[in-house]
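To keep things clear, I will list the structure first and then write my remarks on it.
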Amino acid sequence: MGRIICLMGKSAAGKDTIYRELVGDGELGLQRIIPYTTRPVREGERNGVEYFFVGEADFRNLKEQGSIIEDRAYRTRHGLWRYFTVNDGQLQDESRSYILIGTLEAYGKLQEYFGRDRLLPVMIELEDGIRLQRALDREKGQESPRYEEMCRRFLADSADFSEDRIRDAGIVRRFRNEELQSCLKEIRGYLRAEIT
């Protein structure tokens, strides 16, 4: 049976970059799980690539149909933003291994849905000052920077990824992303041992 790798970490820890590298690694053969969101599209994002961008009505319809595996809602300065995983056929082949970016909360709900043995956590960490600078640089590059939302996410991460929550989720292995290639090498070795 294949595994579902849940890549997690605080905002601007490098999850998106690491995700792209792992998906592009033909030796690992990971299949992407594309999540859904009701938040606005950021500059450079494409529907069906980073996320499926949908409206609140779409979310409610999927919820009523029982298609939503897990969901999270965040009250932002720009309104309610939802992020969720849908049972939409992306996970049909149980012999394959899949990867998605999630949160500790999503990881727990995915474990409930698929079973603890099917999920494999990959926790990315990075020093807060570096993360904050990366987040600021990324936001500056947006056509309409949302600095307040960036700060809200940064502060919320302290609670969302507290040591107690990480421990309660059963995550013992963590990967420091101080130097990308070293971090990737360590993650690839870990995944090869776990999924091949």
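As shown in the structure tokens, the chain order sets the letters A, B, ...; within each chain, residues go from 1, and ligands are also counted from 1 in the order they appear.
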Discussion item. If we count only C-alpha atoms and set the cut-off at 9 Å, which residues sit around Glu178 (chain A), ignoring sequence neighbours fewer than 5 positions away in its own chain? Please answer as a ChimeraX atom specification.
Written reply: /A:125-127,130,183
Using only C-alpha atoms, tabulate the residues of region 42-81 of chain A lying at most 12 Å from any atom of region 151-161 of chain A, each with its closest atom pair and that distance in Å to one decimal, by chain and increasing residue number, as a tab-separated table.
residue	atom	partner	partner_atom	distance
A:Arg72	CA	A:Asp160	CA	12.0
A:Tyr74	CA	A:Arg153	CA	9.5
A:Arg75	CA	A:Arg152	CA	9.8
A:Thr76	CA	A:Arg152	CA	7.8
A:Arg77	CA	A:Arg152	CA	8.9
A:His78	CA	A:Arg152	CA	11.5
Pull N, CA and C atoms from the residues just selected and write them as a PDB file, in the first residue's frame.
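This went into result26.pdb:
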ATOM      1  N   ARG A  72     -10.354  23.319   6.880  1.00  0.00           N
ATOM      2  CA  ARG A  72      -9.945  24.310   7.871  1.00  0.00           C
ATOM      3  C   ARG A  72     -10.435  25.662   7.405  1.00  0.00           C
ATOM      4  N   TYR A  74     -10.166  29.973   8.116  1.00  0.00           N
ATOM      5  CA  TYR A  74      -9.411  31.052   8.739  1.00  0.00           C
ATOM      6  C   TYR A  74     -10.120  32.375   8.486  1.00  0.00           C
ATOM      7  N   ARG A  75     -10.366  33.097   9.555  1.00  0.00           N
ATOM      8  CA  ARG A  75     -10.956  34.436   9.440  1.00  0.00           C
ATOM      9  C   ARG A  75      -9.812  35.412   9.214  1.00  0.00           C
ATOM     10  N   THR A  76      -9.762  35.957   8.023  1.00  0.00           N
ATOM     11  CA  THR A  76      -8.698  36.889   7.673  1.00  0.00           C
ATOM     12  C   THR A  76      -9.276  38.292   7.555  1.00  0.00           C
ATOM     13  N   ARG A  77      -8.416  39.243   7.422  1.00  0.00           N
ATOM     14  CA  ARG A  77      -8.850  40.627   7.215  1.00  0.00           C
ATOM     15  C   ARG A  77      -9.650  40.743   5.917  1.00  0.00           C
ATOM     16  N   HIS A  78      -9.436  39.813   5.009  1.00  0.00           N
ATOM     17  CA  HIS A  78     -10.083  39.828   3.690  1.00  0.00           C
ATOM     18  C   HIS A  78     -11.285  38.892   3.612  1.00  0.00           C
TER      19      HIS A  78
END
Closest atom pairs, residues of region 112-170 of chain A within 10 Å of region 53-69 of chain A, only C-alpha atoms, as a tab-separated table:
residue	atom	partner	partner_atom	distance
A:Glu112	CA	A:Ile69	CA	9.4
A:Tyr113	CA	A:Ile69	CA	6.8
A:Phe114	CA	A:Ile69	CA	9.3
Discussion item. Can you pull out the residues contacting Arg134 (chain A)? Cut-off 12 Å, using only C-alpha atoms, and skip same-chain residues under 6 positions away; I want them as an MDAnalysis selection string.
Written reply: chainID A and resid 10:14 126:128 140:141 150 154
Item to complete: Would you mind reading off the distance between CA of Arg46 (chain A) and CA of Gln181 (chain A), one decimal, in Å?
Response: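 Distance reported for this atom pair: 26.3 Å.
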Worksheet entry | Among the residues A:Gln133, A:Thr38, A:Ser97, A:Asn87, the one that comes closest to Ile5 (chain A) [using only C-alpha atoms] | A:Ser97
Discussion item. So that I can check the surroundings of Arg20 (chain A), please list as a list in words every protein, DNA and RNA residue that reaches within 12 Å of it, counting only C-alpha atoms and ignoring chain neighbours fewer than 3 positions away.
Written reply: Leu7, Gly14, Lys15, Asp16, Thr17, Val23, Gly24, Asp25, Gly26, Leu30, Gln31, Arg32, Val49, Glu50, Ile99, Leu100, Ile101 and Leu184 of chain A
Item to complete: Just list the residues in region 48-149 of chain A DSSP gives strand (DSSP E or B) on the backbone, as a VMD selection string.
Response: chain A and resid 51 to 53 68 to 76 79 to 86 98 to 101 119 to 125
Worksheet item: Taking the backbone alone, and naming residues the way the document does, which bits of chain A are helix (DSSP H, G or I) by DSSP, as a ChimeraX atom specification?
Response: /A:15-23,56-65,104-114,116-118,128-140,147-160,163-168,180-195
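Minimum atom-to-atom distances from A:Pro145, A:Gly44, A:Pro121, A:Gly189 to Tyr98 (chain A) were compared using only C-alpha atoms, and the lowest value belongs to A:Pro121.
Using only C-alpha atoms, the nearest neighbour of Met8 (chain A) within the list A:Glu105, A:Glu45, A:Glu27, A:Glu94 is A:Glu105.
The nearest approach to Ser144 (chain A) among the residues A:Gly9, A:Gly48, A:Pro40, A:Gly29, with only C-alpha atoms taken into account, belongs to A:Pro40.
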